[in-house]
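Written below as structure tokens is the structure these notes are about.
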Amino acid sequence: MVPPEGLVAAAALLVGLGLLALCLWAGRVELAGAWGEEEEEEEEEGMLFLTEGGSGRCRLLCKPSALAQHLVRVLGRSVALRGGPWPWPRWPRLQMLQQLLQPPEPEPAVARELLQMPDTGLVALDWLVGPWGVAGGGGSSPVLLLIPNAAGKVTGGLLQLGLRALERGFVPVVFNRRGHNGCPLTTPRLQPFGDPRDLQEAITYLRCRHPGAPLLAVSEGSGSGLLLAYLGESGSSSRLAAAACISPIFRGRDWFESGMPWLYEWPLLLHLKQGLSRYSRSLAEVVDTEKLLRSRSLRDLEETLFCGTKPHSTSWETYWDRNEPLRDADEVAVPVLCLCSADDPVRGAAARSLPLELFRTSPYFFLLLTPQGGHCGFPQRGPGRCWGHEAVLEYFRAMAEFLRAEERRKGLPRARRLGGPFVEPPMFTWQRSYTR
């Protein structure tokens with residue numbers, strides 16, 4: 001007997017493949033945000049990386065600094081950025097479908113931990129322990145926090161990134177919002193698009209559990225709105241050593257209002273409705289659940305869920321004043337790599353959806369831009385299937401190398417055991433000289 005969840009997933013897959021076939025037959029699968037006149041000017045900026053044969057070029061756009069120079073040197077040697085031709089270079093929607101639907105190989109084992117928030121709500125941390133039940137590195141191994149998209153869909157691509165990180169000695173853990181991915185909803189409140197309070201509690205817990213380990217974070221797709229909001233709101237107190245965003249959504253309101261590809265929106269809308277329907281009775285205290293479950297777009301669902309709450313509703317405009325990912329971008333104080341593709345069919349055209357001025361002026365934001373790769377796709381032939389994952393892990397390795405070199409050069413103190421209990425070092429902060 002096939003469970004209802006399996007039937008829904010199978011139906012979504014068949015509908016998506018059918019629509020993709022129709023688009024291919026009609027010749028309408030084209031580059032969203034292809035390199036036009038506006039992108040020609042952009043091509044002159046940043047550091048250029050070429051793959052073998054000159055295909056699949058990438059550019060790194062950032063403000064010049066000592067850290068930027070080190071990152072350029074490391075990425076310039078990266079096998080991921082020079083590894084030959086990439087499959088399906090002109091089919092971004094197909095790349096997106098593969099990322100959403102293809103399971104990881106091998107399937108990882110997960111150990112779940114529930115954290116109670118100050119208002120008694122729950123979030124879940126899923127620790128990846130590998131397909132063989134072998135955990136990651138020891139107490140000093142870097143902890144890598146994986147943040148799924150805003151719908152809470154833990155894709156095969158995100159799990160594959162966790163497995164690759166596990167192989168390289170990281171300790172990967174997935175952050176699940178309230179009511180997402182099987183996390184119980186114990187209060188009639190879910191987490192808005194850019195509200196970082198629950199994430200802040202989870203990171204504080206990770207710091208207490210791994211006091212001597214570097215904390216890193218990487219987000220996927222629309223989940224980057226949460227990570228960027230957290231980095232801006234927390235500033236130099238973020239407790240993170242570095243962060244990365246894969247195919248981020250920078251302008252949340254514009255993204256919801258401009259519409260999304262059918263192939264992307266409907267599977268996530270069905271995924272969200274399926275999860276919310278489990279809590280329709282408790283949510284009925286604060287929202288119109290009938291209207292919520294009749295939503296025909298992610299924008300309708302977001303507005304009903306967070307703007308039409310009882311007894312105090314709020315406007316759509318006010319909601320985004322509080323939840324835009326880059327509302328406090330000037331306060332970000334740790335390096336953030338944003339891996340983006342110009343043909344991303346979900347984010348939209350690069351000229352409209354990429355905040356290029358932010359990367360030109362902020363010493364903490366780095367844009368790795370490729371003309372092809374789709375949304376969170378970045379496919380490659382061979383092991384791993386996603387060159388974007390390799391680039392992100394190379395970036396984290398480069399950050400670690402840079403910090404070790406700076407510690408040696410400046411004689412900064414490091415945490416040590418001196419015959420007694422572990423002494424936690426002062427809260428991590430990036431030195432201003434790194435970004436000059």
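A note on labels: chains of the structure tokens are A, B, ... as shown, every chain counts residues from 1, and ligands are counted from 1 in their shown order.
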Hey, could you make a per-residue contact list for region 221-329 of chain A against region 173-182 of chain A with 9 Å as the cut-off, showing the nearest pair of atoms and its distance in Å to one decimal, counting only C-alpha atoms, sorted by chain and number, as a tab-separated table?
residue	atom	partner	partner_atom	distance
A:Leu272	CA	A:His180	CA	8.2
A:Gly275	CA	A:His180	CA	6.9
A:Leu276	CA	A:Gly179	CA	7.6
A:Tyr279	CA	A:Gly179	CA	8.4
> Where does DSSP see strand (DSSP E) in region 88-261 of chain A, if you list the residues as a PyMOL selection string?
Replying inline: chain A and resi 109-116+122-130+143-147+171-176+215-220+242-246
>> When you look at Arg251 (chain A) with a cut-off of 10 Å (counting only C-alpha atoms), what residues show up, excluding the ones that are within fewer than 5 positions of it in the same chain? I need them as an NGL selection string.
In response: :A and (222 or 225 or 256 or 320 or 323-327 or 347 or 352-355)
>> So the first atom is CA of Gln372 (chain A) and the second is CA of Ala80 (chain A); what is the distance between them in Å, to one decimal place?
In response: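 Going from CA of Gln372 (chain A) over to CA of Ala80 (chain A) covers 14.3 Å.
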> From the set A:Met260, A:Leu128, A:Val171, A:Leu231, which residue has the shortest atom-to-atom contact distance to Asp330 (chain A), counting only C-alpha atoms?
Replying inline: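 Under the stated criterion, the closest residue is A:Leu231.
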> For Leu185 (chain A), which residue among A:Leu283, A:Leu166, A:Leu146, A:Cys208 is the nearest when counting only C-alpha atoms?
Replying inline: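 Checking each of A:Leu283, A:Leu166, A:Leu146, A:Cys208 against Leu185 (chain A), counting only C-alpha atoms, the winner is A:Leu283.
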Taking the DSSP assignment computed from this structure's backbone, write out as a compact mmCIF listing (two decimals) with N, CA, C and O atoms, in the first residue's frame all residues of region 96-338 of chain A that belong to alpha helix (DSSP H).
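Once everything was written out, this is out-v6.txt:
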# COMPACT_ATOMS: atom_id res chain seq x y z
N MET A 96 17.21 22.40 -12.11
CA MET A 96 16.43 22.67 -10.91
C MET A 96 15.64 21.43 -10.49
O MET A 96 15.58 21.08 -9.30
N LEU A 97 15.02 20.75 -11.44
CA LEU A 97 14.24 19.55 -11.13
C LEU A 97 15.12 18.46 -10.53
O LEU A 97 14.74 17.78 -9.59
N GLN A 98 16.32 18.29 -11.09
CA GLN A 98 17.22 17.27 -10.55
C GLN A 98 17.56 17.57 -9.11
O GLN A 98 17.57 16.69 -8.25
N GLN A 99 17.81 18.86 -8.81
CA GLN A 99 18.16 19.25 -7.45
C GLN A 99 17.01 19.00 -6.50
O GLN A 99 17.20 18.59 -5.35
N LEU A 100 15.76 19.25 -6.95
CA LEU A 100 14.61 19.10 -6.06
C LEU A 100 14.23 17.64 -5.82
O LEU A 100 13.79 17.27 -4.73
N LEU A 101 14.40 16.80 -6.86
CA LEU A 101 13.78 15.47 -6.81
C LEU A 101 14.76 14.32 -6.66
O LEU A 101 14.37 13.25 -6.19
N GLY A 156 17.49 16.60 -1.89
CA GLY A 156 18.60 15.67 -2.04
C GLY A 156 19.92 16.40 -2.20
O GLY A 156 20.97 15.92 -1.74
N GLY A 157 19.88 17.58 -2.83
CA GLY A 157 21.11 18.35 -2.99
C GLY A 157 21.68 18.82 -1.67
O GLY A 157 22.90 18.79 -1.45
N LEU A 158 20.81 19.26 -0.76
CA LEU A 158 21.29 19.71 0.54
C LEU A 158 21.88 18.55 1.34
O LEU A 158 22.93 18.69 2.00
N LEU A 159 21.24 17.39 1.29
CA LEU A 159 21.78 16.22 1.98
C LEU A 159 23.09 15.76 1.35
O LEU A 159 24.00 15.31 2.06
N GLN A 160 23.18 15.88 0.02
CA GLN A 160 24.42 15.51 -0.64
C GLN A 160 25.56 16.41 -0.20
O GLN A 160 26.69 15.96 0.01
N LEU A 161 25.27 17.71 -0.04
CA LEU A 161 26.28 18.63 0.48
C LEU A 161 26.71 18.21 1.88
O LEU A 161 27.90 18.24 2.22
N GLY A 162 25.75 17.81 2.71
CA GLY A 162 26.08 17.34 4.06
C GLY A 162 26.99 16.12 4.04
O GLY A 162 27.92 16.02 4.84
N LEU A 163 26.72 15.20 3.12
CA LEU A 163 27.56 14.00 3.03
C LEU A 163 28.98 14.35 2.57
O LEU A 163 29.95 13.81 3.10
N ARG A 164 29.08 15.26 1.59
CA ARG A 164 30.41 15.66 1.14
C ARG A 164 31.18 16.35 2.27
O ARG A 164 32.38 16.15 2.43
N ALA A 165 30.47 17.15 3.05
CA ALA A 165 31.11 17.81 4.19
C ALA A 165 31.54 16.79 5.23
O ALA A 165 32.62 16.91 5.82
N LEU A 166 30.71 15.78 5.46
CA LEU A 166 31.03 14.74 6.44
C LEU A 166 32.31 14.01 6.04
O LEU A 166 33.17 13.72 6.88
N GLU A 167 32.46 13.74 4.74
CA GLU A 167 33.65 13.06 4.25
C GLU A 167 34.91 13.88 4.48
O GLU A 167 36.00 13.33 4.62
N ARG A 197 15.05 34.75 15.04
CA ARG A 197 15.12 34.49 16.48
C ARG A 197 15.34 33.01 16.79
O ARG A 197 16.17 32.67 17.65
N ASP A 198 14.63 32.12 16.12
CA ASP A 198 14.82 30.69 16.39
C ASP A 198 16.20 30.23 15.94
O ASP A 198 16.84 29.40 16.61
N LEU A 199 16.67 30.75 14.82
CA LEU A 199 18.01 30.39 14.34
C LEU A 199 19.06 30.86 15.34
O LEU A 199 20.05 30.15 15.58
N GLN A 200 18.87 32.01 15.91
CA GLN A 200 19.82 32.52 16.90
C GLN A 200 19.90 31.59 18.11
O GLN A 200 20.98 31.31 18.63
N GLU A 201 18.75 31.09 18.58
CA GLU A 201 18.74 30.15 19.69
C GLU A 201 19.48 28.87 19.33
O GLU A 201 20.24 28.32 20.14
N ALA A 202 19.27 28.38 18.10
CA ALA A 202 19.93 27.14 17.67
C ALA A 202 21.44 27.32 17.60
O ALA A 202 22.21 26.44 18.02
N ILE A 203 21.90 28.46 17.09
CA ILE A 203 23.34 28.70 16.99
C ILE A 203 23.96 28.87 18.37
O ILE A 203 25.08 28.40 18.62
N THR A 204 23.25 29.52 19.28
CA THR A 204 23.74 29.62 20.65
C THR A 204 23.90 28.24 21.28
O THR A 204 24.90 27.96 21.97
N TYR A 205 22.95 27.35 21.01
CA TYR A 205 23.05 25.98 21.53
C TYR A 205 24.24 25.25 20.91
O TYR A 205 24.99 24.55 21.62
N LEU A 206 24.46 25.41 19.60
CA LEU A 206 25.59 24.74 18.95
C LEU A 206 26.91 25.24 19.52
O LEU A 206 27.85 24.46 19.69
N ARG A 207 27.00 26.52 19.81
CA ARG A 207 28.22 27.05 20.41
C ARG A 207 28.46 26.44 21.80
O ARG A 207 29.60 26.11 22.15
N CYS A 208 27.40 26.24 22.57
CA CYS A 208 27.56 25.63 23.90
C CYS A 208 27.93 24.16 23.78
O CYS A 208 28.73 23.64 24.58
N ARG A 209 27.37 23.47 22.79
CA ARG A 209 27.65 22.05 22.63
C ARG A 209 29.04 21.81 22.05
O ARG A 209 29.68 20.81 22.37
N SER A 224 18.14 31.18 2.24
CA SER A 224 19.18 32.18 2.45
C SER A 224 18.61 33.46 3.04
O SER A 224 19.33 34.24 3.66
N GLY A 225 17.31 33.71 2.84
CA GLY A 225 16.70 34.88 3.45
C GLY A 225 16.83 34.87 4.95
O GLY A 225 17.07 35.90 5.59
N LEU A 226 16.69 33.69 5.56
CA LEU A 226 16.82 33.55 7.00
C LEU A 226 18.27 33.75 7.45
O LEU A 226 18.54 34.47 8.42
N LEU A 227 19.22 33.15 6.74
CA LEU A 227 20.62 33.27 7.12
C LEU A 227 21.11 34.72 6.96
O LEU A 227 21.80 35.25 7.84
N LEU A 228 20.76 35.38 5.86
CA LEU A 228 21.19 36.75 5.65
C LEU A 228 20.58 37.68 6.69
O LEU A 228 21.25 38.61 7.18
N ALA A 229 19.32 37.45 7.04
CA ALA A 229 18.69 38.27 8.07
C ALA A 229 19.38 38.07 9.42
O ALA A 229 19.58 39.04 10.17
N TYR A 230 19.74 36.84 9.73
CA TYR A 230 20.45 36.57 10.99
C TYR A 230 21.80 37.26 11.03
O TYR A 230 22.17 37.89 12.04
N LEU A 231 22.55 37.17 9.95
CA LEU A 231 23.88 37.78 9.92
C LEU A 231 23.79 39.30 10.07
O LEU A 231 24.62 39.92 10.74
N GLY A 232 22.78 39.91 9.45
CA GLY A 232 22.63 41.34 9.57
C GLY A 232 22.17 41.77 10.95
O GLY A 232 22.67 42.75 11.51
N GLU A 233 21.24 41.03 11.53
CA GLU A 233 20.70 41.40 12.84
C GLU A 233 21.71 41.16 13.96
O GLU A 233 21.76 41.91 14.93
N SER A 234 22.52 40.12 13.85
CA SER A 234 23.46 39.78 14.92
C SER A 234 24.79 40.49 14.76
O SER A 234 25.53 40.65 15.74
N GLY A 252 13.17 39.50 -0.89
CA GLY A 252 12.06 38.60 -0.63
C GLY A 252 10.74 39.07 -1.20
O GLY A 252 10.02 38.30 -1.84
N ARG A 253 10.39 40.32 -0.97
CA ARG A 253 9.08 40.80 -1.44
C ARG A 253 9.00 40.75 -2.97
O ARG A 253 7.99 40.28 -3.52
N ASP A 254 10.02 41.23 -3.64
CA ASP A 254 10.01 41.19 -5.11
C ASP A 254 9.90 39.77 -5.61
O ASP A 254 9.22 39.50 -6.62
N TRP A 255 10.54 38.85 -4.92
CA TRP A 255 10.52 37.44 -5.34
C TRP A 255 9.11 36.86 -5.25
O TRP A 255 8.64 36.19 -6.17
N PHE A 256 8.42 37.12 -4.14
CA PHE A 256 7.06 36.60 -3.99
C PHE A 256 6.11 37.27 -4.99
O PHE A 256 5.19 36.61 -5.50
N GLU A 257 6.30 38.55 -5.26
CA GLU A 257 5.34 39.27 -6.10
C GLU A 257 5.56 39.04 -7.59
O GLU A 257 4.62 39.16 -8.37
N SER A 258 6.78 38.72 -7.99
CA SER A 258 7.05 38.57 -9.42
C SER A 258 6.63 37.22 -9.99
O SER A 258 6.60 37.04 -11.19
N TRP A 262 6.42 27.46 -12.63
CA TRP A 262 5.43 26.47 -12.22
C TRP A 262 6.10 25.23 -11.64
O TRP A 262 5.65 24.67 -10.65
N LEU A 263 7.18 24.80 -12.27
CA LEU A 263 7.87 23.59 -11.84
C LEU A 263 8.43 23.71 -10.44
O LEU A 263 8.60 22.72 -9.73
N TYR A 264 8.75 24.93 -10.01
CA TYR A 264 9.31 25.15 -8.68
C TYR A 264 8.22 25.42 -7.66
O TYR A 264 8.24 24.87 -6.55
N GLU A 265 7.26 26.25 -8.01
CA GLU A 265 6.29 26.72 -7.02
C GLU A 265 5.31 25.64 -6.57
O GLU A 265 5.07 25.47 -5.38
N TRP A 266 4.77 24.88 -7.51
CA TRP A 266 3.71 23.95 -7.13
C TRP A 266 4.20 22.79 -6.26
O TRP A 266 3.52 22.43 -5.28
N PRO A 267 5.33 22.16 -6.53
CA PRO A 267 5.79 21.13 -5.59
C PRO A 267 6.01 21.67 -4.18
O PRO A 267 5.66 21.00 -3.20
N LEU A 268 6.58 22.89 -4.06
CA LEU A 268 6.80 23.44 -2.72
C LEU A 268 5.48 23.85 -2.07
O LEU A 268 5.31 23.73 -0.85
N LEU A 269 4.53 24.35 -2.87
CA LEU A 269 3.22 24.71 -2.33
C LEU A 269 2.51 23.48 -1.79
O LEU A 269 1.93 23.50 -0.69
N LEU A 270 2.55 22.37 -2.55
CA LEU A 270 1.95 21.12 -2.07
C LEU A 270 2.66 20.62 -0.81
O LEU A 270 2.02 20.14 0.13
N HIS A 271 3.98 20.75 -0.79
CA HIS A 271 4.76 20.33 0.38
C HIS A 271 4.35 21.11 1.62
O HIS A 271 4.16 20.54 2.70
N LEU A 272 4.19 22.42 1.48
CA LEU A 272 3.80 23.26 2.61
C LEU A 272 2.38 22.96 3.07
O LEU A 272 2.10 22.86 4.27
N LYS A 273 1.47 22.84 2.12
CA LYS A 273 0.07 22.55 2.49
C LYS A 273 -0.06 21.22 3.21
O LYS A 273 -0.83 21.08 4.17
N GLN A 274 0.70 20.24 2.75
CA GLN A 274 0.66 18.93 3.40
C GLN A 274 1.09 19.03 4.85
O GLN A 274 0.49 18.44 5.74
N GLY A 275 2.16 19.80 5.11
CA GLY A 275 2.63 19.96 6.48
C GLY A 275 1.68 20.78 7.33
O GLY A 275 1.40 20.44 8.49
N LEU A 276 1.12 21.86 6.76
CA LEU A 276 0.23 22.73 7.52
C LEU A 276 -1.10 22.06 7.83
O LEU A 276 -1.73 22.35 8.86
N SER A 277 -1.55 21.17 6.94
CA SER A 277 -2.83 20.51 7.17
C SER A 277 -2.83 19.66 8.45
O SER A 277 -3.87 19.44 9.06
N SER A 280 -3.98 22.10 11.27
CA SER A 280 -5.05 23.03 10.91
C SER A 280 -5.88 23.44 12.12
O SER A 280 -6.32 24.59 12.21
N ARG A 281 -6.11 22.54 13.05
CA ARG A 281 -6.93 22.88 14.22
C ARG A 281 -6.25 23.91 15.10
O ARG A 281 -6.86 24.89 15.53
N SER A 282 -4.99 23.69 15.41
CA SER A 282 -4.29 24.64 16.28
C SER A 282 -4.05 25.97 15.56
O SER A 282 -4.13 27.05 16.18
N LEU A 283 -3.78 25.93 14.24
CA LEU A 283 -3.56 27.16 13.50
C LEU A 283 -4.85 27.96 13.33
O LEU A 283 -4.80 29.18 13.11
N THR A 289 -7.68 28.98 8.25
CA THR A 289 -7.05 27.79 7.67
C THR A 289 -7.68 27.36 6.36
O THR A 289 -6.99 26.80 5.49
N GLU A 290 -8.98 27.61 6.18
CA GLU A 290 -9.60 27.25 4.91
C GLU A 290 -8.99 28.07 3.76
O GLU A 290 -8.67 27.53 2.70
N LYS A 291 -8.83 29.36 4.00
CA LYS A 291 -8.20 30.21 2.99
C LYS A 291 -6.74 29.82 2.79
O LYS A 291 -6.22 29.82 1.66
N LEU A 292 -6.09 29.46 3.89
CA LEU A 292 -4.68 29.08 3.83
C LEU A 292 -4.48 27.86 2.93
O LEU A 292 -3.60 27.85 2.06
N LEU A 293 -5.31 26.83 3.12
CA LEU A 293 -5.15 25.60 2.36
C LEU A 293 -5.70 25.70 0.94
O LEU A 293 -5.48 24.79 0.14
N LEU A 298 2.63 30.63 -3.60
CA LEU A 298 3.40 30.81 -2.37
C LEU A 298 3.17 32.20 -1.78
O LEU A 298 3.18 32.36 -0.56
N ARG A 299 2.92 33.19 -2.62
CA ARG A 299 2.64 34.53 -2.11
C ARG A 299 1.32 34.54 -1.33
O ARG A 299 1.23 35.11 -0.24
N ASP A 300 0.26 33.92 -1.88
CA ASP A 300 -1.02 33.85 -1.16
C ASP A 300 -0.86 33.17 0.18
O ASP A 300 -1.40 33.62 1.20
N LEU A 301 -0.11 32.06 0.19
CA LEU A 301 0.07 31.32 1.43
C LEU A 301 0.85 32.14 2.46
O LEU A 301 0.48 32.19 3.64
N GLU A 302 1.92 32.80 2.03
CA GLU A 302 2.73 33.61 2.94
C GLU A 302 1.91 34.75 3.53
O GLU A 302 1.98 35.03 4.74
N GLU A 303 1.13 35.41 2.70
CA GLU A 303 0.33 36.55 3.17
C GLU A 303 -0.75 36.10 4.13
O GLU A 303 -1.00 36.74 5.16
N THR A 304 -1.43 35.00 3.83
CA THR A 304 -2.47 34.49 4.72
C THR A 304 -1.89 34.04 6.05
O THR A 304 -2.46 34.29 7.12
N LEU A 305 -0.74 33.39 6.01
CA LEU A 305 -0.15 32.79 7.20
C LEU A 305 0.42 33.83 8.15
O LEU A 305 0.34 33.68 9.38
N PHE A 306 0.99 34.91 7.62
CA PHE A 306 1.72 35.85 8.48
C PHE A 306 1.13 37.25 8.53
O PHE A 306 1.47 38.02 9.44
N TRP A 316 1.01 43.69 4.14
CA TRP A 316 2.06 43.03 3.38
C TRP A 316 3.34 43.88 3.38
O TRP A 316 4.45 43.38 3.51
N GLU A 317 3.17 45.19 3.28
CA GLU A 317 4.31 46.09 3.28
C GLU A 317 5.04 46.07 4.62
O GLU A 317 6.28 46.01 4.67
N THR A 318 4.29 46.11 5.71
CA THR A 318 4.90 46.08 7.04
C THR A 318 5.61 44.76 7.29
O THR A 318 6.69 44.71 7.89
N TYR A 319 5.01 43.67 6.82
CA TYR A 319 5.62 42.35 6.99
C TYR A 319 7.02 42.33 6.37
O TYR A 319 7.98 41.84 6.99
N TRP A 320 7.18 42.91 5.18
CA TRP A 320 8.48 42.88 4.53
C TRP A 320 9.45 43.90 5.08
O TRP A 320 10.67 43.72 4.97
N ASP A 321 8.94 44.95 5.70
CA ASP A 321 9.85 45.85 6.43
C ASP A 321 10.60 45.10 7.52
O ASP A 321 11.75 45.42 7.83
N ARG A 322 9.95 44.08 8.07
CA ARG A 322 10.55 43.31 9.17
C ARG A 322 11.27 42.06 8.70
O ARG A 322 12.01 41.45 9.48
N ASN A 323 11.06 41.64 7.44
CA ASN A 323 11.56 40.33 7.02
C ASN A 323 12.41 40.33 5.77
O ASN A 323 12.82 39.25 5.31
>> Could you check the closest approach to Leu215 (chain A) for each of A:Ser65, A:Ser315, A:Ser141, A:Ser341 and tell me which residue wins, using only C-alpha atoms?
In response: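 Answer, going by the shortest atom-to-atom distance: A:Ser141.
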> Of the candidates A:Val110, A:Cys58, A:Leu71, A:Leu216, which shows the shortest atom-to-atom distance to Glu401 (chain A), using only C-alpha atoms?
Replying inline: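 Of the candidates, the smallest distance to Glu401 (chain A) is held by A:Leu71.
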> Nearest to Glu220 (chain A) among A:Ile249, A:Ala351, A:Ala111, A:Val143, with distances taken over only C-alpha atoms: which residue is it?
Replying inline: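 Smallest distance to Glu220 (chain A) is found for A:Ile249.
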>> If I take CA of His375 (chain A) and CA of Gly221 (chain A), how far is one from the other in Å, to one decimal?
In response: 7.3 Å
